[in-house]
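> Here it is, the structure in full.
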Amino acid sequence: MLNYEIIPVTAFVQNCCVIWCDQTNIGAVVDPGGDIERIEDFIEVKGLTVEKILLTHAHIDHAGGTAQLAKNLSVPIEGPHRGDQFWIDALDQQAQMFGFAPCEKFSPNRWLNTNDKVRVGNESLDVIHCPGHTPGHVVFHSSSANLAWVGDVLFAGSIGRTDFPQGDHQTLIDSICNNLWPLGNDIEFICGHGANSTFGQERASNPLVGDAVTGL
Ligand SMILES: [Zn+2]
Ligand SMILES: [Zn+2]
């Protein structure tokens with residue numbers, strides 16, 4: 001089974017997640033935006049062997065701790081999609097703009113795209129490219145656990161901002177309706193900020209992408 005623990009990090013209270021396969025205790029860290037000592041403490045207390053870092057997108061609250069954590073744990077970085085290269089290149093400016101400590105750049109060991117799979121122990125996550133909030137945003141989906149890590153694509157009752165460079169509102173709506181809804185109403189999702197929800201709940205009540213608005 002795939003387990004997870006949300007560890008809110010940075011001043012943006014970003015939902016960094018440690019996920020792990022309970023048969024092997026092999027895990028991965030999704031979106032280590034910062035506060036990496038707390039992430040490392042959790043890994044140690046749980047006795048997990050973290051083998052990779054997974055990134056949904058390269059905004060600093062999600063990716064700011066990546067270089068340091070990858071170095072500390074000697075693990076590769078998988079994701080996001082190549083479209084977010086310019087956000088990685090701009091991590092310094094992001095740090096300045098949002099009052100973060102200076103952070104190191106990194107080069108993902110593997111760019112991700114739709115139909116890619118990411119292994120975590122005996123578990124496998126499907127990768128879905130969901131541009132709109134950023135052009136290289138990806139979502140991780142576990143069909144065995146009925147869970148999805150959606151970063152800043154979708155929130156309980158809201159959707160991601162699209163007023164950043166290369167953000168696009170309609171592209172984001174299309175990503176959600178065309179790429180996420182087909183996964184099923186019962187999928188619970190962990191988002192970058194705030195509480196979990198399910199795709200069914202959002203289709204029923206989300207004021208921006210609910211079925212009442214989209215006509216689906
Ligand atoms: Zn973001
Ligand atoms: Zn965020």
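FYI, nothing fancy with the structure tokens labels: chains A, B, ... in order, residues from 1 per chain, ligands from 1 as they appear.
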Produce as a ChimeraX atom specification the set of residues near ligand 2, where near means within 7 Å with only C-alpha atoms and all ligand atoms considered.
/A:14,59,61-62,151-152,192-193
> With only C-alpha atoms and all ligand atoms counted, collect every polymer residue having an atom within 12 Å of ligand 1; state the result as a VMD selection string.
chain A and resid 12 to 15 31 33 55 to 64 80 84 87 94 131 to 138 150 to 155 159 to 165 167 191 to 193
> Report as a PyMOL selection string all protein, DNA and RNA residues lying within 12 Å of stretch 74-77 of chain A, evaluated on only C-alpha atoms, omitting residues in the same chain fewer than 3 positions from it.
chain A and resi 27-32+49-58+63+65-71+80-81+105-112+118
> Looking at A:Gly184, A:Gly157, A:Gly79, A:Gly99, which one is nearest to A:Ser205, with distances taken over only C-alpha atoms?
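Result for the nearest residue to A:Ser205: A:Gly157.
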> Give the alpha helix (DSSP H) residues of stretch 63-159 of chain A, as DSSP finds them on the backbone, and put them as a VMD selection string.
chain A and resid 63 66 to 73 85 to 89 91 to 98
> Find, counting only C-alpha atoms, the residue in A:Thr10, A:Asn25, A:Ser144, A:Asn178 that gets nearest to A:His129.
A:Asn178
> Just the strand (DSSP E) stuff from stretch 29-203 of chain A, please, per backbone DSSP, written as a JSON list (two decimals) with N, CA and C atoms, in the first residue's frame.

[["chain", "number", "residue", "atom", "x", "y", "z"],
["A", 29, "VAL", "N", 9.97, 12.00, -1.74],
["A", 29, "VAL", "CA", 9.47, 13.28, -1.20],
["A", 29, "VAL", "C", 8.89, 14.07, -2.37],
["A", 30, "VAL", "N", 7.63, 14.45, -2.23],
["A", 30, "VAL", "CA", 6.98, 15.26, -3.25],
["A", 30, "VAL", "C", 7.04, 16.73, -2.83],
["A", 49, "THR", "N", 13.51, 4.61, 3.56],
["A", 49, "THR", "CA", 14.59, 4.79, 2.61],
["A", 49, "THR", "C", 14.05, 5.61, 1.45],
["A", 50, "VAL", "N", 14.36, 6.90, 1.47],
["A", 50, "VAL", "CA", 13.87, 7.76, 0.39],
["A", 50, "VAL", "C", 14.79, 7.62, -0.81],
["A", 51, "GLU", "N", 14.20, 7.31, -1.95],
["A", 51, "GLU", "CA", 15.01, 7.04, -3.15],
["A", 51, "GLU", "C", 14.91, 8.11, -4.21],
["A", 52, "LYS", "N", 13.98, 9.06, -4.05],
["A", 52, "LYS", "CA", 13.87, 10.12, -5.07],
["A", 52, "LYS", "C", 13.06, 11.29, -4.56],
["A", 53, "ILE", "N", 13.24, 12.40, -5.27],
["A", 53, "ILE", "CA", 12.41, 13.58, -5.06],
["A", 53, "ILE", "C", 11.54, 13.74, -6.29],
["A", 54, "LEU", "N", 10.25, 13.98, -6.06],
["A", 54, "LEU", "CA", 9.31, 14.20, -7.16],
["A", 54, "LEU", "C", 8.82, 15.64, -7.10],
["A", 77, "ILE", "N", 16.28, 13.56, -8.83],
["A", 77, "ILE", "CA", 15.10, 14.43, -8.90],
["A", 77, "ILE", "C", 14.32, 14.07, -10.16],
["A", 78, "GLU", "N", 13.04, 13.72, -9.99],
["A", 78, "GLU", "CA", 12.19, 13.38, -11.13],
["A", 78, "GLU", "C", 11.07, 14.39, -11.23],
["A", 117, "LYS", "N", 5.74, 6.70, -15.91],
["A", 117, "LYS", "CA", 5.46, 6.11, -14.60],
["A", 117, "LYS", "C", 6.63, 6.36, -13.67],
["A", 118, "VAL", "N", 6.32, 6.54, -12.41],
["A", 118, "VAL", "CA", 7.34, 6.78, -11.40],
["A", 118, "VAL", "C", 7.21, 5.69, -10.35],
["A", 119, "ARG", "N", 8.30, 4.99, -10.09],
["A", 119, "ARG", "CA", 8.25, 3.90, -9.12],
["A", 119, "ARG", "C", 8.60, 4.40, -7.72],
["A", 120, "VAL", "N", 7.87, 3.90, -6.73],
["A", 120, "VAL", "CA", 8.20, 4.14, -5.33],
["A", 120, "VAL", "C", 8.06, 2.79, -4.63],
["A", 123, "GLU", "N", 5.25, 0.31, -5.51],
["A", 123, "GLU", "CA", 4.14, 1.12, -6.02],
["A", 123, "GLU", "C", 4.58, 1.86, -7.28],
["A", 124, "SER", "N", 3.58, 2.23, -8.07],
["A", 124, "SER", "CA", 3.85, 2.96, -9.30],
["A", 124, "SER", "C", 2.85, 4.11, -9.42],
["A", 125, "LEU", "N", 3.36, 5.28, -9.73],
["A", 125, "LEU", "CA", 2.50, 6.45, -9.93],
["A", 125, "LEU", "C", 2.47, 6.80, -11.42],
["A", 126, "ASP", "N", 1.28, 7.16, -11.89],
["A", 126, "ASP", "CA", 1.15, 7.64, -13.27],
["A", 126, "ASP", "C", 1.38, 9.14, -13.28],
["A", 127, "VAL", "N", 2.06, 9.59, -14.32],
["A", 127, "VAL", "CA", 2.33, 11.02, -14.48],
["A", 127, "VAL", "C", 1.35, 11.61, -15.49],
["A", 128, "ILE", "N", 0.80, 12.77, -15.15],
["A", 128, "ILE", "CA", -0.11, 13.46, -16.07],
["A", 128, "ILE", "C", 0.33, 14.91, -16.18],
["A", 129, "HIS", "N", 0.66, 15.34, -17.39],
["A", 129, "HIS", "CA", 1.06, 16.73, -17.63],
["A", 129, "HIS", "C", -0.20, 17.60, -17.58],
["A", 138, "VAL", "N", 3.08, 18.87, -13.47],
["A", 138, "VAL", "CA", 2.61, 17.49, -13.59],
["A", 138, "VAL", "C", 1.84, 17.10, -12.33],
["A", 139, "VAL", "N", 0.99, 16.10, -12.50],
["A", 139, "VAL", "CA", 0.21, 15.51, -11.41],
["A", 139, "VAL", "C", 0.62, 14.05, -11.29],
["A", 140, "PHE", "N", 0.69, 13.55, -10.06],
["A", 140, "PHE", "CA", 1.02, 12.15, -9.82],
["A", 140, "PHE", "C", -0.24, 11.43, -9.36],
["A", 141, "HIS", "N", -0.52, 10.30, -9.97],
["A", 141, "HIS", "CA", -1.76, 9.56, -9.67],
["A", 141, "HIS", "C", -1.43, 8.12, -9.29],
["A", 142, "SER", "N", -1.94, 7.69, -8.15],
["A", 142, "SER", "CA", -1.81, 6.30, -7.74],
["A", 142, "SER", "C", -3.15, 5.61, -7.93],
["A", 147, "LEU", "N", -5.39, 7.94, -5.10],
["A", 147, "LEU", "CA", -4.90, 9.24, -4.63],
["A", 147, "LEU", "C", -4.23, 9.97, -5.79],
["A", 148, "ALA", "N", -4.25, 11.30, -5.72],
["A", 148, "ALA", "CA", -3.51, 12.11, -6.69],
["A", 148, "ALA", "C", -2.85, 13.28, -5.97],
["A", 149, "TRP", "N", -1.63, 13.57, -6.38],
["A", 149, "TRP", "CA", -0.91, 14.75, -5.88],
["A", 149, "TRP", "C", -0.98, 15.79, -6.98],
["A", 150, "VAL", "N", -1.73, 16.85, -6.75],
["A", 150, "VAL", "CA", -2.06, 17.77, -7.84],
["A", 150, "VAL", "C", -1.35, 19.12, -7.75],
["A", 151, "GLY", "N", -0.48, 19.30, -6.76],
["A", 151, "GLY", "CA", 0.25, 20.56, -6.66],
["A", 151, "GLY", "C", -0.68, 21.75, -6.63],
["A", 154, "LEU", "N", -5.29, 22.24, -8.73],
["A", 154, "LEU", "CA", -6.65, 22.23, -8.20],
["A", 154, "LEU", "C", -6.60, 22.26, -6.68],
["A", 155, "PHE", "N", -7.52, 23.02, -6.08],
["A", 155, "PHE", "CA", -7.64, 23.06, -4.63],
["A", 155, "PHE", "C", -9.08, 22.74, -4.25],
["A", 158, "SER", "N", -11.29, 25.66, -5.23],
["A", 158, "SER", "CA", -10.61, 26.67, -6.05],
["A", 158, "SER", "C", -9.70, 26.00, -7.07],
["A", 159, "ILE", "N", -8.99, 26.81, -7.84],
["A", 159, "ILE", "CA", -7.98, 26.29, -8.77],
["A", 159, "ILE", "C", -6.73, 27.16, -8.65],
["A", 188, "GLU", "N", -9.19, 10.84, -4.25],
["A", 188, "GLU", "CA", -8.88, 11.88, -3.27],
["A", 188, "GLU", "C", -7.59, 12.57, -3.71],
["A", 189, "PHE", "N", -7.57, 13.89, -3.62],
["A", 189, "PHE", "CA", -6.36, 14.57, -4.04],
["A", 189, "PHE", "C", -5.75, 15.38, -2.92],
["A", 190, "ILE", "N", -4.41, 15.39, -2.93],
["A", 190, "ILE", "CA", -3.61, 16.18, -2.01],
["A", 190, "ILE", "C", -3.13, 17.38, -2.82],
["A", 191, "CYS", "N", -3.48, 18.57, -2.37],
["A", 191, "CYS", "CA", -3.09, 19.74, -3.16],
["A", 191, "CYS", "C", -1.95, 20.49, -2.48],
["A", 197, "SER", "N", -9.41, 17.00, -0.98],
["A", 197, "SER", "CA", -10.79, 16.86, -1.42],
["A", 197, "SER", "C", -10.84, 15.68, -2.38],
["A", 198, "THR", "N", -11.96, 15.50, -3.05],
["A", 198, "THR", "CA", -12.06, 14.46, -4.09],
["A", 198, "THR", "C", -12.48, 15.13, -5.39]]
